[in-house]
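*Asks:* First, the structure itself, so that you have it in front of you.
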Amino acid sequence: MGISTKINGYIGQSSWIRKMFEEGVRLRKLYGAEQVFDFSLGNPNVEPPALFREQLRRVIEEVRPGGHGYMPNAGYPETRKAVADYLRRVHGVPLVADQVIMTCGAGGGLNVVLKTLLDPGDEVLVPSPYFVEYGFYADNAGGRMVTVATRADFSLDLEAMAAAISEKTKVILINSPNNPTGRVYNQATIDGLARIIGEKSRTLGKSIYLVSDEPYSDIVYDGVTVPSVLKACASSIVVSSYSKSLSLPGERIGYLAFNPQLPDLADVISGAILCNRILGFVNAPALMQRVIAGLQGVTVDIGEYQRKRDLLCKGLEGQGYTFARPEGAFYLFVQSPIADDVEFVQALQKKRILTVPGRGFGGPGYFRIAYCVDDATIINAMAGFGEAIRESGSKRTPHC
């Protein structure tokens, strides 16, 4: 076998999301795009705001000697300052430019953080359900992901989290708003988690870092707010991107923000800058760094996603599905009408509806719907959703 045994094994575990997306390509060739209802991939369908195009045009037309040369691996100083200034206002924490590193999206940022912090065998605690690639990221850095079950409503179980912390724990990695559940962890939960981290760090005589993956932090509904992890926890690092807030996933632009009180702050930042280079990212894309520097606080129309959420919830509620209304992001995590979520997802496929089994996110018995799609996709899929649940014989009572 040409490839490594580990990677060969990982191929078998690889993302259900991509598998379903590829199935969508096949079905569209057979039936035509309008007859396939693809909810598999969290690819934003709301276009970037007009200000993005204006800023992009301005940056492209700008004459800047040496503007396409090498740069500091942490990013352009003026971009880091713009991000730090904005985050300082949002989080109420005295961030400065030197405490921000520009990255190749949030995925690149997470790999940089874990490579910087983990020794071989260190553990990364992750609430379940979770984003499918976290385990691979931990392994990339020689660590191991350990999942911790959440409560029935997908809120953090602080007692379970505290019990899971051991001498091997180095990082607690959270994602709020959460992919796949849309849950936003409230202030009391974040404060409680910060207390646990502080107490366990003192007891174990080591630093435990709270890493918050926040690419959806601007996509929240119904007046919900995302509490500041940086303000709550001294040993915190925020990882984010402009993939969702500005609809720029293909541009691979994000950042790391380090709490000014972070243990071993200077060493951690120096290590992250080095890892940004040696992992092969080297630096975040130059053009996008210049563009987003002038777009701090600008987002797509979040109301579009809330409207799509409500349209989907109303339709599925009418068909008898059971789920909790998401507070943020653009995913709905729906209880499978039958125990085997893969089997039900396959039943939906027969209706040309593409969703993702919950077991791919560590949440068996559920399936994920990404509702960042055209309204027509949501509306026209409802008949198939109804047929699939009726054929399953489900008698569950819906709620939304």
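Residues are named by chain letter and number: chains run A, B, ... in the order of the structure tokens, numbers start at 1 in each chain, and ligands are numbered from 1 in the order shown.
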DSSP says strand (DSSP E) for which residues of segment 81-316 of chain A? Put them as a PyMOL selection string?
*Replies:* chain A and resi 100-103+123-128+144-149+169-175+209-213+236-241+254-258
*Asks:* With segment 361-377 of chain A as the partner and 12 Å as the cut-off, tabulate the residues of segment 175-294 of chain A that qualify, each row holding the nearest pair of atoms and their distance in Å to one decimal, using only C-alpha atoms, sorted by chain and rising number, as JSON lines.
*Replies:*
```
{"residue": "A:Asn178", "atom": "CA", "partner": "A:Phe361", "partner_atom": "CA", "distance": 11.1}
{"residue": "A:Asn179", "atom": "CA", "partner": "A:Phe361", "partner_atom": "CA", "distance": 8.6}
{"residue": "A:Pro180", "atom": "CA", "partner": "A:Arg368", "partner_atom": "CA", "distance": 6.4}
{"residue": "A:Thr181", "atom": "CA", "partner": "A:Arg368", "partner_atom": "CA", "distance": 7.9}
{"residue": "A:Gly182", "atom": "CA", "partner": "A:Arg368", "partner_atom": "CA", "distance": 10.3}
{"residue": "A:Ile219", "atom": "CA", "partner": "A:Cys372", "partner_atom": "CA", "distance": 11.6}
{"residue": "A:Lys244", "atom": "CA", "partner": "A:Cys372", "partner_atom": "CA", "distance": 10.1}
{"residue": "A:Ser247", "atom": "CA", "partner": "A:Cys372", "partner_atom": "CA", "distance": 10.6}
```
*Asks:* Can you write just those residues out, N, CA and C atoms, as a tab-separated table (two decimals), in the first residue's frame?
*Replies:*
```
chain	number	residue	atom	x	y	z
A	178	ASN	N	-22.52	26.41	17.82
A	178	ASN	CA	-21.98	25.09	17.55
A	178	ASN	C	-22.39	24.55	16.19
A	179	ASN	N	-21.45	23.93	15.53
A	179	ASN	CA	-21.69	23.11	14.36
A	179	ASN	C	-21.53	21.66	14.81
A	180	PRO	N	-22.61	20.87	14.91
A	180	PRO	CA	-23.81	20.93	14.09
A	180	PRO	C	-25.09	21.39	14.77
A	181	THR	N	-25.09	21.73	16.06
A	181	THR	CA	-26.37	21.87	16.76
A	181	THR	C	-26.96	23.28	16.74
A	182	GLY	N	-26.13	24.30	16.45
A	182	GLY	CA	-26.61	25.67	16.53
A	182	GLY	C	-26.72	26.20	17.95
A	219	ILE	N	-23.26	35.06	13.62
A	219	ILE	CA	-24.51	34.52	13.08
A	219	ILE	C	-25.34	33.97	14.23
A	244	LYS	N	-17.79	32.73	7.32
A	244	LYS	CA	-19.24	32.75	7.48
A	244	LYS	C	-19.77	34.17	7.62
A	247	SER	N	-19.07	35.57	4.22
A	247	SER	CA	-19.27	34.61	3.12
A	247	SER	C	-18.02	34.48	2.26
```
*Asks:* What are the DSSP alpha helix (DSSP H) residues of segment 26-255 of chain A, as a PyMOL selection string?
*Replies:* chain A and resi 26-31+50-61+77-91+105-117+134-140+158-164+187-204+229-232
*Asks:* Just the residues within 12 Å of Val356 of chain A, please, counting only C-alpha atoms, with nothing from its chain fewer than 4 positions along; format it as an mmCIF file with C-alpha atoms, in the first residue's frame.
*Replies:*
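Resulting contents of around10.cif:
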```
data_model
loop_
_atom_site.group_PDB
_atom_site.id
_atom_site.type_symbol
_atom_site.label_atom_id
_atom_site.label_comp_id
_atom_site.auth_asym_id
_atom_site.auth_seq_id
_atom_site.Cartn_x
_atom_site.Cartn_y
_atom_site.Cartn_z
ATOM 1 C CA SER A 15 -16.080 13.448 6.584
ATOM 2 C CA TRP A 16 -19.657 12.381 5.989
ATOM 3 C CA ILE A 17 -20.202 15.951 4.805
ATOM 4 C CA ARG A 18 -17.965 15.492 1.782
ATOM 5 C CA LYS A 19 -19.420 12.075 1.047
ATOM 6 C CA MET A 20 -22.911 13.534 0.875
ATOM 7 C CA PHE A 21 -21.735 16.515 -1.146
ATOM 8 C CA GLU A 22 -20.203 14.156 -3.701
ATOM 9 C CA GLU A 23 -23.444 12.164 -3.784
ATOM 10 C CA GLY A 24 -25.175 15.426 -4.604
ATOM 11 C CA ASP A 38 -28.633 19.429 -1.048
ATOM 12 C CA PHE A 39 -28.351 20.358 2.639
ATOM 13 C CA SER A 40 -24.987 18.656 3.141
ATOM 14 C CA LEU A 41 -22.340 21.369 3.056
ATOM 15 C CA GLY A 42 -22.148 24.516 5.195
ATOM 16 C CA VAL A 132 -15.944 16.418 12.293
ATOM 17 C CA PRO A 180 -23.807 20.932 14.090
ATOM 18 C CA TYR A 331 -27.469 24.177 10.937
ATOM 19 C CA LEU A 332 -30.401 22.221 12.301
ATOM 20 C CA PHE A 333 -29.649 18.994 14.201
ATOM 21 C CA VAL A 334 -32.746 16.856 13.836
ATOM 22 C CA GLN A 335 -33.631 13.702 15.743
ATOM 23 C CA SER A 336 -33.802 10.750 13.389
ATOM 24 C CA ASP A 341 -29.439 7.856 11.536
ATOM 25 C CA VAL A 342 -27.466 6.548 8.551
ATOM 26 C CA GLU A 343 -30.408 4.447 7.462
ATOM 27 C CA PHE A 344 -32.744 7.434 7.666
ATOM 28 C CA VAL A 345 -30.316 9.664 5.779
ATOM 29 C CA GLN A 346 -30.268 7.010 3.087
ATOM 30 C CA ALA A 347 -34.070 7.089 3.034
ATOM 31 C CA LEU A 348 -33.908 10.836 2.480
ATOM 32 C CA GLN A 349 -31.442 10.266 -0.349
ATOM 33 C CA GLY A 360 -20.311 11.847 11.741
ATOM 34 C CA PHE A 361 -20.404 14.579 14.399
ATOM 35 C CA GLY A 362 -20.372 12.243 17.384
ATOM 36 C CA GLY A 363 -24.163 12.540 17.652
ATOM 37 C CA PRO A 364 -25.730 9.241 16.547
ATOM 38 C CA GLY A 365 -29.506 9.243 16.279
ATOM 39 C CA TYR A 366 -29.594 12.697 14.657
ATOM 40 C CA PHE A 367 -28.929 14.178 11.255
ATOM 41 C CA ARG A 368 -27.691 17.621 10.258
ATOM 42 C CA ILE A 369 -29.346 19.991 7.815
ATOM 43 C CA ALA A 370 -27.303 22.956 6.545
#
```
*Asks:* Per residue of segment 63-145 of chain A within 8 Å of segment 161-172 of chain A, note the shortest atom pair and the distance in Å to one decimal, counting only C-alpha atoms, and order the rows by chain and increasing residue number, as CSV.
*Replies:*
```
residue,atom,partner,partner_atom,distance
A:Leu117,CA,A:Lys170,CA,7.5
A:Leu118,CA,A:Lys170,CA,6.8
A:Gly121,CA,A:Lys168,CA,7.2
A:Asp122,CA,A:Lys168,CA,5.1
A:Glu123,CA,A:Thr169,CA,4.6
A:Val124,CA,A:Val171,CA,4.8
A:Leu125,CA,A:Ile172,CA,4.7
A:Val126,CA,A:Ile172,CA,6.2
```
*Asks:* Take the residues that were just selected and, keeping C-alpha atoms, output them as a short mmCIF file (atom, residue, chain, number, x, y, z; two decimals), in the first residue's frame.
*Replies:*
```
data_model
loop_
_atom_site.label_atom_id
_atom_site.label_comp_id
_atom_site.auth_asym_id
_atom_site.auth_seq_id
_atom_site.Cartn_x
_atom_site.Cartn_y
_atom_site.Cartn_z
CA LEU A 117 0.41 23.63 22.66
CA LEU A 118 0.36 19.84 22.49
CA GLY A 121 -0.17 12.09 24.19
CA ASP A 122 -1.77 15.32 25.41
CA GLU A 123 -5.55 15.34 25.37
CA VAL A 124 -7.99 17.80 23.85
CA LEU A 125 -11.42 17.70 25.49
CA VAL A 126 -14.25 18.39 23.04
#
```
*Asks:* With only C-alpha atoms as the counted atoms, please give the residues lying no more than 6 Å from segment 296-300 of chain A, apart from itself and same-chain residues fewer than 4 positions off, as a PyMOL selection string.
*Replies:* chain A and resi 48-49+245-246
*Asks:* Tell me, counting only C-alpha atoms, for each residue of segment 285-359 of chain A within 12 Å of segment 68-77 of chain A, which pair of atoms is nearest and how far apart they are in Å to one decimal, in rows ordered by chain and increasing number, as JSON lines.
*Replies:*
```
{"residue": "A:Pro285", "atom": "CA", "partner": "A:Gly75", "partner_atom": "CA", "distance": 8.8}
{"residue": "A:Ala286", "atom": "CA", "partner": "A:His68", "partner_atom": "CA", "distance": 7.4}
{"residue": "A:Leu287", "atom": "CA", "partner": "A:His68", "partner_atom": "CA", "distance": 8.6}
{"residue": "A:Met288", "atom": "CA", "partner": "A:Tyr76", "partner_atom": "CA", "distance": 10.7}
{"residue": "A:Gln289", "atom": "CA", "partner": "A:Tyr76", "partner_atom": "CA", "distance": 7.2}
{"residue": "A:Arg290", "atom": "CA", "partner": "A:Tyr76", "partner_atom": "CA", "distance": 8.1}
{"residue": "A:Val291", "atom": "CA", "partner": "A:Tyr76", "partner_atom": "CA", "distance": 11.5}
{"residue": "A:Ile292", "atom": "CA", "partner": "A:Tyr76", "partner_atom": "CA", "distance": 11.5}
{"residue": "A:Ala293", "atom": "CA", "partner": "A:Tyr76", "partner_atom": "CA", "distance": 9.5}
```
*Asks:* Limited to N, CA and C atoms, could you put the picked residues into a file as a short mmCIF file (atom, residue, chain, number, x, y, z; two decimals), in the first residue's frame?
*Replies:*
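Here's the written file result.cif:
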```cif
data_model
loop_
_atom_site.label_atom_id
_atom_site.label_comp_id
_atom_site.auth_asym_id
_atom_site.auth_seq_id
_atom_site.Cartn_x
_atom_site.Cartn_y
_atom_site.Cartn_z
N PRO A 285 -3.36 34.71 3.42
CA PRO A 285 -3.32 35.33 2.10
C PRO A 285 -3.20 36.86 2.17
N ALA A 286 -2.23 37.40 1.44
CA ALA A 286 -1.91 38.82 1.51
C ALA A 286 -3.08 39.70 1.09
N LEU A 287 -3.68 39.38 -0.04
CA LEU A 287 -4.76 40.21 -0.56
C LEU A 287 -5.91 40.28 0.43
N MET A 288 -6.31 39.14 0.96
CA MET A 288 -7.44 39.13 1.89
C MET A 288 -7.11 39.83 3.21
N GLN A 289 -5.86 39.77 3.64
CA GLN A 289 -5.49 40.52 4.85
C GLN A 289 -5.76 42.00 4.66
N ARG A 290 -5.39 42.52 3.49
CA ARG A 290 -5.61 43.95 3.23
C ARG A 290 -7.09 44.28 3.12
N VAL A 291 -7.84 43.35 2.54
CA VAL A 291 -9.27 43.61 2.35
C VAL A 291 -10.00 43.62 3.69
N ILE A 292 -9.81 42.59 4.52
CA ILE A 292 -10.61 42.50 5.75
C ILE A 292 -10.19 43.53 6.79
N ALA A 293 -9.00 44.10 6.64
CA ALA A 293 -8.57 45.14 7.58
C ALA A 293 -9.56 46.30 7.61
#
```
*Asks:* Write out as number ranges by chain which residues come within 8 Å of Ser217 of chain A when counting only C-alpha atoms, dropping same-chain ones fewer than 2 positions away.
*Replies:* A: 176-177, 214-215, 219-220, 226, 328-329
*Asks:* For the residues in that selection, give me N, CA and C atoms as a CSV table (one decimal), in the first residue's frame.
*Replies:*
```
chain,number,residue,atom,x,y,z
A,176,SER,N,-18.9,27.6,19.7
A,176,SER,CA,-20.1,28.3,20.0
A,176,SER,C,-20.2,29.6,19.2
A,177,PRO,N,-21.3,29.7,18.3
A,177,PRO,CA,-22.4,28.8,18.0
A,177,PRO,C,-21.8,27.5,17.5
A,214,GLU,N,-14.7,30.1,16.8
A,214,GLU,CA,-15.9,31.0,16.7
A,214,GLU,C,-16.2,31.5,15.3
A,215,PRO,N,-16.1,30.7,14.3
A,215,PRO,CA,-16.4,31.3,12.9
A,215,PRO,C,-17.9,31.7,12.8
A,219,ILE,N,-23.3,35.1,13.6
A,219,ILE,CA,-24.5,34.5,13.1
A,219,ILE,C,-25.3,34.0,14.2
A,220,VAL,N,-26.1,34.9,14.9
A,220,VAL,CA,-26.9,34.5,16.0
A,220,VAL,C,-28.3,35.2,15.8
A,226,VAL,N,-23.2,36.0,22.0
A,226,VAL,CA,-22.1,35.0,22.3
A,226,VAL,C,-21.2,35.6,23.4
A,328,GLY,N,-27.9,29.9,16.7
A,328,GLY,CA,-26.9,30.5,15.9
A,328,GLY,C,-26.4,29.5,14.8
A,329,ALA,N,-25.4,30.0,14.0
A,329,ALA,CA,-24.9,29.2,12.9
A,329,ALA,C,-26.0,29.0,11.9
```
